[in-house]
Structures are given as C-alpha cells and as structure tokens.
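Heads up: the structure comes next, in structure tokens.
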Amino acid sequence: MRNRRRWKRVLVGAFAGAAVLADAGAAAAQAAASTEQLAISTPPAGSSAWVEDHSFGRDLPDPATTTPAAAAAFFASLAPTELDRLVKDYPLVVGNFDGAPLGLRYQANKIALAAERDHARARANDHKLDADTRALAVSRANDVEHLLAPDRQVLAFDPRGRGLVTEVWGDLSDAERISVLVPGSDADLGHFDQAADPLRSPAGMARALYAEERRQAPGTRVAVIAWTGYVTPSGLGPDAATSRLADVGAPRLQRLLSGLKETTRPDAPPSLLCHSYGSVVCGNAAPKIPRAAASPSDTSGITDLMVFGSPGMGVQSTSELGTGVHVWATRNSSDWIGNVPFLEVGGLGHGADPTSAGFGAEQVSSAHAAGHNGYFAEGTESLHNFASISLGDYTDVIRPASS
C-alpha cells in the first residue's frame, strides 16, 4: 500500500512537472496546482419540475432516463403551442435534451443564455458582494452575451459550475458531413471562445476546421460541433492524470451522438476530433460509439476518430477500443504532451502513446503545427488532415515524412 501511494505521488508529480518544465510559463505553473473538479452527471436545473408537471395530460419524459430516440418521438408528438410552452417554461431542459429538434434547442438555449446573462449582471451590480465576486460576474455576463449574437447556434448550455457549452457551425440538420470536436483541459464557458489566441479555445478550433472543410470541399454541406459537454480538468493537476472526469464525460458524448442520429441526416455519421484530455473521453466512449452514432444507411459501421496532443486513450492499443472506430493520431514535435509518462499505474496515467508504432492508430502528419494548441493553425498539415478525414477524402491525407 505504501508503494502504491508513493507511485501515485510520483506519477502526479511527473504529469504536472513534465508539463510545467516543457511549458514553464506562469499559466502552466498555476495549472499544476489546480483543485479537483466536480463532475456533472445529472440533468440540468428544472428537470425535477419538468417531471412533476402533469398539466399536459401526459407524463413528460424524464431527462435522466429517456433515450434520445424516445425523446425525438415525444417532441414529434407535440403541437406547436405545446412546444412553445415547454421552451419558455423549461429552457434548460429542452436546450439540453438530446433527441429534441435542433431548432427548438437553439431557441431554448437563447432563452437560457439570456437568463444567465441577466443573473450575472445582477450579481455584478450587487454591492453586498465582494469586488472579486462582482468581477467574475461581469466576466460571465460578457461570455454569455457573446453567445447570444444572432448568428450563433448553441446546441447545449448548462450554467452549473464553470459552465458547459456546445455550439454548431453550419446547417447541422442538412449536413452531409459532421465533425465533433472534443476538447481537453480548461474548456468551459469562460474559455469557450477566446479573442486572444483563439486556437486555444473550442470555438476557435471549430471555426478553423469549418473554414478548412469548406475550402477543401465547397460543394459539400458540412457542420462542425464544438462539444464542451463535460467538466474538463482545470489545469494539469491530479484530474488531468486520472480518468475520473472522462468516465463521466464518455456517456454524455455517447448520448450526444445518439441524439445526432435522431436529428440529422441518416447518411451523415459524425467524425470525432479529440484533443488532449478529450482523447481520454473518446477512448472511454469508443466501444459504444458505433451503436450511438451508426445510422441505418451506414453500412461500414466505422466512425473516424482523430486524436492529437493526446496523453493516451486509457488503453494499450486500438484493439481495446472495439472494431467500430478507425483511429488516426498525430503529435507535433514541439507539443509538451510528448514528455508525460505514457503508462497507467494505480489509476494514474492514460496508457500507451497513440502515436507509437505498436498502438495501432493510423499516423498522419502535423507538420508546421507548433505547441499543444497549434494543430488548427492555417497552413498546418494537421488542419488539412483533420478536414480531409472528416470529409471522407482519405486519399488526400498527408502521412508523416518518415512513414
């Protein structure tokens, strides 16, 4: 037992220390000392009142147990006046209900976002609160206000904790190719869309991918989803070295994919792009992804899964991920993640390096990318490859020079 505790201390220090040494700025040092995060696994606020509301003359489906397929059937059975009432009375429930019509979710989330903005503004103006609390409220109000711009399509929003946000670029309901970006540490409402260094944020990555897909295939209808639908590690402390948050996030990702199967074209199964700790989530979800994502017209049953800047996927090889995913992997030479220990001992670590020869992933080039967050920069071979794979144009994929 003493040796096991010692190994845990060594590994936590190794994960955090390697990152700090490789990227020795103040942000990395602060991240290494971050606190444990509270995972969100329960339905959003308003769900209890929703379940107890019998004024529609029927039971409303329980958000905690209803499948996306059953949710889709329920919403399809409602009259427009009933839908309008549910959106107004329960915006957080409707806006987060996988399987609900996309347009209805966008509408509900605008209402939920406006309510959160107004709540944050009220706190910012409450002088009974201390200055730091009011400043944080101002920041949250500004973050939410940006998401209320007319052109933004917010598929999910949950204000609990650091805030969960999922946004769509393109016409998701009619897209022929769909890409889902699964981000890593520090992805939350406050870091979802950054004006400075935008490629550090899920929204910035998604915009870059959407633009590249349209450049490569201007005649193809595409959509990109930035999915910040799970509580991510904050910094590089113990949460980043364990799968605890990924274990909770994986079923939420599977549920998203099941919802997309009900609300998008049947011939447009999504591809997954998994960055950093997001690849741990994808690895956890992989065995059930085919069942969640496959459509009746998808005869291959294979989902493209791209991992980049990965600390591992929680396995030693792709054979442990099931036969329903085709794994592609890359890491640029200046990405500090290459310095973390690729192993798993006593619940710490995430297994083998996905870019190693024996892992089984198909290797792609990330030439011209720099650092841990540079994979979507214009002109990089990683961005080119992500778009080509998402579009299904495998002949255009650039391999590493050494392969």
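Residues in the structure tokens are named by chain (A, B, ... in the order shown) and by number from 1 within that chain; ligands are numbered from 1 in the order shown.
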Using DSSP secondary structure from the backbone, list all strand (DSSP E or B) positions within stretch 115-357 of chain A, as a PyMOL selection string.
chain A and resi 153-158+164-169+177-182+222-228+270-275+303-308+315+325-330+345+348+351
Mind checking DSSP for stretch 123-350 of chain A and telling me the helix (DSSP H, G or I) residues as a PyMOL selection string?
chain A and resi 123-124+131-147+172-174+189-191+198-200+202-216+238-241+244-263+278-293+318-321+336-339
Got a sec: who's within 12 Å of stretch 248-252 of chain A, counting only C-alpha atoms, leaving out chain neighbours fewer than 6 positions off, as a PyMOL selection string?
chain A and resi 37-43+64+67-68+96-98+156+164+182-184+227-233+242+258-259+274+277-289+292+313
Next, write the just-selected residues to a file, as a short mmCIF file (atom, residue, chain, number, x, y, z; two decimals), in the first residue's frame, keeping C-alpha atoms as the atom set.
data_model
loop_
_atom_site.label_atom_id
_atom_site.label_comp_id
_atom_site.auth_asym_id
_atom_site.auth_seq_id
_atom_site.Cartn_x
_atom_site.Cartn_y
_atom_site.Cartn_z
CA GLN A 37 -13.32 19.47 -10.26
CA LEU A 38 -16.87 18.31 -9.56
CA ALA A 39 -18.16 16.25 -12.48
CA ILE A 40 -21.69 16.91 -13.75
CA SER A 41 -23.71 13.79 -14.46
CA THR A 42 -27.25 14.84 -13.56
CA PRO A 43 -29.86 16.58 -15.77
CA ALA A 64 -32.30 11.37 -16.61
CA THR A 67 -33.21 7.78 -24.63
CA PRO A 68 -32.66 10.28 -27.47
CA ASN A 96 -30.02 20.07 -23.27
CA PHE A 97 -32.38 17.26 -24.32
CA ASP A 98 -30.54 15.08 -26.86
CA ALA A 156 -26.49 22.94 -25.32
CA LEU A 164 -20.90 23.79 -20.28
CA VAL A 182 -13.98 17.03 -28.08
CA PRO A 183 -11.65 19.42 -26.20
CA GLY A 184 -9.31 18.81 -23.29
CA TRP A 227 -18.74 19.96 -27.71
CA THR A 228 -17.84 21.25 -24.26
CA GLY A 229 -20.39 18.93 -22.74
CA TYR A 230 -18.40 17.53 -19.84
CA VAL A 231 -16.46 19.01 -16.93
CA THR A 232 -12.85 19.13 -18.05
CA PRO A 233 -9.76 19.15 -15.82
CA THR A 242 -6.81 10.24 -13.95
CA SER A 258 -27.29 9.14 -30.22
CA GLY A 259 -29.15 12.46 -30.34
CA CYS A 274 -10.28 14.50 -29.72
CA TYR A 277 -7.61 15.02 -22.36
CA GLY A 278 -10.53 14.83 -24.79
CA SER A 279 -8.85 11.75 -26.25
CA VAL A 280 -9.27 10.06 -22.85
CA VAL A 281 -13.01 10.76 -23.10
CA CYS A 282 -13.10 9.42 -26.66
CA GLY A 283 -11.15 6.31 -25.68
CA ASN A 284 -13.59 5.64 -22.86
CA ALA A 285 -16.57 6.15 -25.18
CA ALA A 286 -15.15 4.29 -28.20
CA PRO A 287 -16.57 0.78 -27.59
CA LYS A 288 -20.13 2.17 -27.59
CA ILE A 289 -19.68 4.84 -30.27
CA ALA A 292 -24.56 5.53 -30.62
CA MET A 313 -6.66 6.94 -24.56
#
Near-A:Ala206 list (7 Å; only C-alpha atoms; drop same-chain fewer than 5 positions) as an MDAnalysis selection string:
chainID A and resid 181 224:226
Quick one: everything within 12 Å of A:Ala352, counting only C-alpha atoms, minus sequence neighbours fewer than 4 positions away in the same chain. Send it as a PyMOL selection string.
chain A and resi 280+283+310-318+320+338+340-345+356-361
Restricting the output to N, CA, C and O atoms, write the selected residues as a compact mmCIF listing (two decimals), in the first residue's frame.
# COMPACT_ATOMS: atom_id res chain seq x y z
N VAL A 280 -8.95 11.01 -23.92
CA VAL A 280 -9.27 10.06 -22.85
C VAL A 280 -10.78 9.81 -22.85
O VAL A 280 -11.25 8.67 -22.69
N GLY A 283 -11.56 7.69 -25.89
CA GLY A 283 -11.15 6.31 -25.68
C GLY A 283 -12.12 5.57 -24.79
O GLY A 283 -12.44 4.39 -25.03
N SER A 310 -2.39 13.93 -27.54
CA SER A 310 -3.04 13.01 -26.61
C SER A 310 -2.09 12.52 -25.53
O SER A 310 -0.96 12.11 -25.82
N PRO A 311 -2.56 12.46 -24.26
CA PRO A 311 -1.78 11.84 -23.19
C PRO A 311 -2.01 10.34 -23.11
O PRO A 311 -1.48 9.66 -22.23
N GLY A 312 -2.81 9.80 -24.04
CA GLY A 312 -3.22 8.40 -24.03
C GLY A 312 -4.73 8.31 -24.07
O GLY A 312 -5.43 9.27 -23.78
N MET A 313 -5.22 7.14 -24.44
CA MET A 313 -6.66 6.94 -24.56
C MET A 313 -7.19 5.97 -23.51
O MET A 313 -8.33 5.51 -23.61
N GLY A 314 -6.37 5.67 -22.51
CA GLY A 314 -6.80 4.75 -21.46
C GLY A 314 -6.63 3.30 -21.82
O GLY A 314 -7.12 2.43 -21.10
N VAL A 315 -5.94 3.02 -22.93
CA VAL A 315 -5.73 1.65 -23.39
C VAL A 315 -4.30 1.50 -23.87
O VAL A 315 -3.57 2.48 -24.03
N GLN A 316 -3.91 0.25 -24.13
CA GLN A 316 -2.56 -0.02 -24.63
C GLN A 316 -2.51 -0.13 -26.15
O GLN A 316 -1.44 0.00 -26.74
N SER A 317 -3.67 -0.36 -26.78
CA SER A 317 -3.71 -0.44 -28.24
C SER A 317 -5.14 -0.24 -28.71
O SER A 317 -6.10 -0.32 -27.93
N THR A 318 -5.28 0.00 -30.01
CA THR A 318 -6.61 0.23 -30.58
C THR A 318 -7.49 -1.01 -30.49
O THR A 318 -8.72 -0.89 -30.57
N GLU A 320 -8.32 -2.54 -28.01
CA GLU A 320 -9.17 -2.42 -26.82
C GLU A 320 -10.31 -1.42 -27.02
O GLU A 320 -11.16 -1.27 -26.13
N GLY A 338 4.20 15.24 -25.24
CA GLY A 338 5.09 14.12 -25.50
C GLY A 338 6.03 13.81 -24.36
O GLY A 338 6.66 12.74 -24.34
N VAL A 340 5.00 13.63 -21.12
CA VAL A 340 4.33 13.00 -19.98
C VAL A 340 4.57 11.49 -20.03
O VAL A 340 4.86 10.92 -21.09
N PRO A 341 4.47 10.80 -18.89
CA PRO A 341 4.65 9.34 -18.88
C PRO A 341 3.47 8.64 -19.57
O PRO A 341 2.33 8.82 -19.15
N PHE A 342 3.73 7.87 -20.61
CA PHE A 342 2.67 7.13 -21.29
C PHE A 342 2.54 5.75 -20.65
O PHE A 342 3.08 4.75 -21.14
N LEU A 343 1.79 5.70 -19.55
CA LEU A 343 1.59 4.47 -18.80
C LEU A 343 0.39 4.64 -17.90
O LEU A 343 -0.17 5.73 -17.81
N GLU A 344 -0.03 3.58 -17.26
CA GLU A 344 -1.12 3.63 -16.30
C GLU A 344 -0.74 2.77 -15.12
O GLU A 344 -0.46 1.57 -15.25
N VAL A 345 -0.69 3.37 -13.93
CA VAL A 345 -0.36 2.66 -12.71
C VAL A 345 -1.27 3.16 -11.60
O VAL A 345 -1.33 4.36 -11.32
N SER A 356 2.57 5.93 -31.00
CA SER A 356 3.63 4.92 -31.01
C SER A 356 3.33 3.85 -32.05
O SER A 356 2.17 3.60 -32.41
N ALA A 357 4.40 3.19 -32.49
CA ALA A 357 4.27 2.24 -33.60
C ALA A 357 3.35 1.07 -33.26
O ALA A 357 2.61 0.58 -34.12
N GLY A 358 3.36 0.62 -32.02
CA GLY A 358 2.58 -0.55 -31.67
C GLY A 358 1.15 -0.29 -31.26
O GLY A 358 0.40 -1.23 -30.98
N PHE A 359 0.73 0.98 -31.21
CA PHE A 359 -0.60 1.28 -30.71
C PHE A 359 -1.70 0.87 -31.69
O PHE A 359 -2.78 0.44 -31.29
N GLY A 360 -1.42 1.01 -32.98
CA GLY A 360 -2.40 0.59 -33.98
C GLY A 360 -3.15 1.70 -34.65
O GLY A 360 -3.97 1.44 -35.54
N ALA A 361 -2.92 2.94 -34.25
CA ALA A 361 -3.59 4.06 -34.92
C ALA A 361 -2.90 4.38 -36.24
O ALA A 361 -1.69 4.15 -36.40
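With atom CA of A:Ser179 on one side and atom CA of A:Val222 on the other, the separation reads 8.1 Å.
The spacing separating atom CA of A:Gly190 from atom CA of A:Glu212 amounts to 25.5 Å.
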Show me a table, sorted first by chain and then by increasing residue number, of the residues of stretch 250-324 of chain A having an atom at most 10 Å from stretch 364-374 of chain A, each with its shortest atom pair and the distance in Å to one decimal, counting only C-alpha atoms and written as JSON lines.
{"residue": "A:His275", "atom": "CA", "partner": "A:Asn373", "partner_atom": "CA", "distance": 8.8}
{"residue": "A:Ser276", "atom": "CA", "partner": "A:His372", "partner_atom": "CA", "distance": 8.2}
{"residue": "A:Met306", "atom": "CA", "partner": "A:Val364", "partner_atom": "CA", "distance": 9.5}
{"residue": "A:Phe308", "atom": "CA", "partner": "A:His372", "partner_atom": "CA", "distance": 8.9}
{"residue": "A:Gly309", "atom": "CA", "partner": "A:His372", "partner_atom": "CA", "distance": 6.1}
{"residue": "A:Ser310", "atom": "CA", "partner": "A:His372", "partner_atom": "CA", "distance": 9.4}
Do you know which residues are at most 12 Å from A:Arg215 counting only C-alpha atoms, after dropping those on the same chain fewer than 3 positions away, and could you put them as a compact mmCIF listing (two decimals) with N, CA and C atoms, in the first residue's frame?
# COMPACT_ATOMS: atom_id res chain seq x y z
N ALA A 208 -11.91 27.16 -37.36
CA ALA A 208 -10.82 26.87 -38.28
C ALA A 208 -11.11 25.60 -39.08
N LEU A 209 -11.64 24.57 -38.41
CA LEU A 209 -11.96 23.32 -39.10
C LEU A 209 -13.09 23.54 -40.10
N TYR A 210 -14.11 24.27 -39.71
CA TYR A 210 -15.25 24.54 -40.59
C TYR A 210 -14.78 25.27 -41.85
N ALA A 211 -13.92 26.27 -41.68
CA ALA A 211 -13.40 27.02 -42.84
C ALA A 211 -12.58 26.12 -43.74
N GLU A 212 -11.75 25.25 -43.16
CA GLU A 212 -10.91 24.37 -43.96
C GLU A 212 -11.74 23.32 -44.70
N PRO A 218 -16.01 22.80 -51.30
CA PRO A 218 -17.03 23.87 -51.30
C PRO A 218 -18.42 23.40 -51.69
N GLY A 219 -18.51 22.26 -52.36
CA GLY A 219 -19.82 21.77 -52.76
C GLY A 219 -20.46 20.82 -51.77
N THR A 220 -19.78 20.55 -50.66
CA THR A 220 -20.30 19.62 -49.65
C THR A 220 -20.88 20.40 -48.47
N ARG A 221 -22.05 20.01 -48.04
CA ARG A 221 -22.67 20.66 -46.88
C ARG A 221 -22.05 20.06 -45.61
N VAL A 222 -21.40 20.91 -44.83
CA VAL A 222 -20.68 20.43 -43.64
C VAL A 222 -21.18 21.16 -42.40
N GLU A 378 -3.69 27.85 -39.55
CA GLU A 378 -3.75 27.87 -41.01
C GLU A 378 -2.40 27.43 -41.58
N LEU A 383 -4.32 20.48 -39.71
CA LEU A 383 -5.63 21.04 -40.07
C LEU A 383 -6.09 20.47 -41.40
N HIS A 384 -5.18 20.40 -42.36
CA HIS A 384 -5.52 19.81 -43.66
C HIS A 384 -6.03 18.38 -43.47
N ALA A 387 -9.53 17.98 -41.77
CA ALA A 387 -10.63 18.26 -42.70
C ALA A 387 -10.80 17.14 -43.71
N SER A 388 -9.68 16.63 -44.26
CA SER A 388 -9.76 15.57 -45.27
C SER A 388 -10.41 14.31 -44.68
N LEU A 391 -14.09 14.81 -44.06
CA LEU A 391 -14.82 14.81 -45.32
C LEU A 391 -14.86 13.43 -45.97
How far is it from atom CA of A:Asp335 to atom CA of A:Glu362, in Å with one decimal?
18.9 Å
Choose the residue, out of A:Pro270, A:Gly379, A:Gly57, A:Gly324, that has the smallest atom-to-atom separation from A:Gly392; count only C-alpha atoms.
A:Pro270
Within 8 Å of A:Arg140, counting only C-alpha atoms, which residues show up once you throw out same-chain ones fewer than 2 positions away? Write them as a VMD selection string, please.
chain A and resid 117 120 136 to 138 142 to 144 189 to 190
Go ahead and dump the residues you just picked, all heavy atoms, as an mmCIF file, in the first residue's frame.
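For reference, result-v7.cif as written:
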data_model
loop_
_atom_site.group_PDB
_atom_site.id
_atom_site.type_symbol
_atom_site.label_atom_id
_atom_site.label_comp_id
_atom_site.auth_asym_id
_atom_site.auth_seq_id
_atom_site.Cartn_x
_atom_site.Cartn_y
_atom_site.Cartn_z
ATOM 1 N N ARG A 117 -27.233 35.587 -18.417
ATOM 2 C CA ARG A 117 -26.624 36.916 -18.551
ATOM 3 C C ARG A 117 -27.235 37.897 -17.568
ATOM 4 O O ARG A 117 -26.509 38.626 -16.871
ATOM 5 C CB ARG A 117 -26.810 37.425 -19.983
ATOM 6 C CG ARG A 117 -26.295 38.843 -20.212
ATOM 7 C CD ARG A 117 -26.958 39.461 -21.426
ATOM 8 N NE ARG A 117 -28.416 39.487 -21.279
ATOM 9 C CZ ARG A 117 -29.256 39.702 -22.290
ATOM 10 N NH1 ARG A 117 -28.792 39.884 -23.519
ATOM 11 N NH2 ARG A 117 -30.562 39.721 -22.081
ATOM 12 N N ALA A 120 -26.121 37.148 -14.054
ATOM 13 C CA ALA A 120 -24.739 37.574 -13.819
ATOM 14 C C ALA A 120 -24.642 39.088 -13.696
ATOM 15 O O ALA A 120 -23.887 39.604 -12.852
ATOM 16 C CB ALA A 120 -23.853 37.075 -14.964
ATOM 17 N N LEU A 136 -16.008 38.566 -11.358
ATOM 18 C CA LEU A 136 -16.290 37.292 -12.003
ATOM 19 C C LEU A 136 -17.665 37.298 -12.663
ATOM 20 O O LEU A 136 -17.847 36.725 -13.748
ATOM 21 C CB LEU A 136 -16.198 36.151 -10.988
ATOM 22 C CG LEU A 136 -14.792 35.791 -10.494
ATOM 23 C CD1 LEU A 136 -14.881 34.781 -9.360
ATOM 24 C CD2 LEU A 136 -13.941 35.235 -11.642
ATOM 25 N N ALA A 137 -18.616 37.949 -12.030
ATOM 26 C CA ALA A 137 -19.959 38.045 -12.602
ATOM 27 C C ALA A 137 -19.952 38.870 -13.884
ATOM 28 O O ALA A 137 -20.650 38.539 -14.850
ATOM 29 C CB ALA A 137 -20.918 38.653 -11.575
ATOM 30 N N VAL A 138 -19.173 39.939 -13.913
ATOM 31 C CA VAL A 138 -19.040 40.743 -15.134
ATOM 32 C C VAL A 138 -18.472 39.893 -16.259
ATOM 33 O O VAL A 138 -18.947 39.929 -17.404
ATOM 34 C CB VAL A 138 -18.140 41.971 -14.884
ATOM 35 C CG1 VAL A 138 -17.793 42.665 -16.203
ATOM 36 C CG2 VAL A 138 -18.820 42.947 -13.949
ATOM 37 N N ASN A 142 -20.345 38.805 -19.823
ATOM 38 C CA ASN A 142 -19.749 39.090 -21.133
ATOM 39 C C ASN A 142 -19.612 37.815 -21.964
ATOM 40 O O ASN A 142 -19.879 37.814 -23.176
ATOM 41 C CB ASN A 142 -18.384 39.749 -20.960
ATOM 42 C CG ASN A 142 -18.484 41.159 -20.425
ATOM 43 O OD1 ASN A 142 -19.523 41.810 -20.551
ATOM 44 N ND2 ASN A 142 -17.422 41.647 -19.807
ATOM 45 N N ASP A 143 -19.187 36.723 -21.324
ATOM 46 C CA ASP A 143 -19.054 35.450 -22.047
ATOM 47 C C ASP A 143 -20.395 35.009 -22.611
ATOM 48 O O ASP A 143 -20.485 34.552 -23.762
ATOM 49 C CB ASP A 143 -18.517 34.361 -21.102
ATOM 50 C CG ASP A 143 -17.073 34.600 -20.687
ATOM 51 O OD1 ASP A 143 -16.331 35.266 -21.443
ATOM 52 O OD2 ASP A 143 -16.691 34.122 -19.592
ATOM 53 N N VAL A 144 -21.435 35.136 -21.813
ATOM 54 C CA VAL A 144 -22.762 34.717 -22.252
ATOM 55 C C VAL A 144 -23.297 35.649 -23.337
ATOM 56 O O VAL A 144 -23.906 35.205 -24.315
ATOM 57 C CB VAL A 144 -23.719 34.657 -21.054
ATOM 58 C CG1 VAL A 144 -25.145 34.396 -21.508
ATOM 59 C CG2 VAL A 144 -23.274 33.567 -20.076
ATOM 60 N N LEU A 189 -17.227 27.547 -20.132
ATOM 61 C CA LEU A 189 -17.869 28.767 -20.630
ATOM 62 C C LEU A 189 -16.888 29.916 -20.750
ATOM 63 O O LEU A 189 -16.867 30.634 -21.755
ATOM 64 C CB LEU A 189 -19.034 29.145 -19.707
ATOM 65 C CG LEU A 189 -19.722 30.493 -19.989
ATOM 66 C CD1 LEU A 189 -20.308 30.517 -21.383
ATOM 67 C CD2 LEU A 189 -20.796 30.762 -18.937
ATOM 68 N N GLY A 190 -16.050 30.113 -19.751
ATOM 69 C CA GLY A 190 -15.127 31.236 -19.748
ATOM 70 C C GLY A 190 -14.006 31.121 -20.751
ATOM 71 O O GLY A 190 -13.394 32.126 -21.108
#
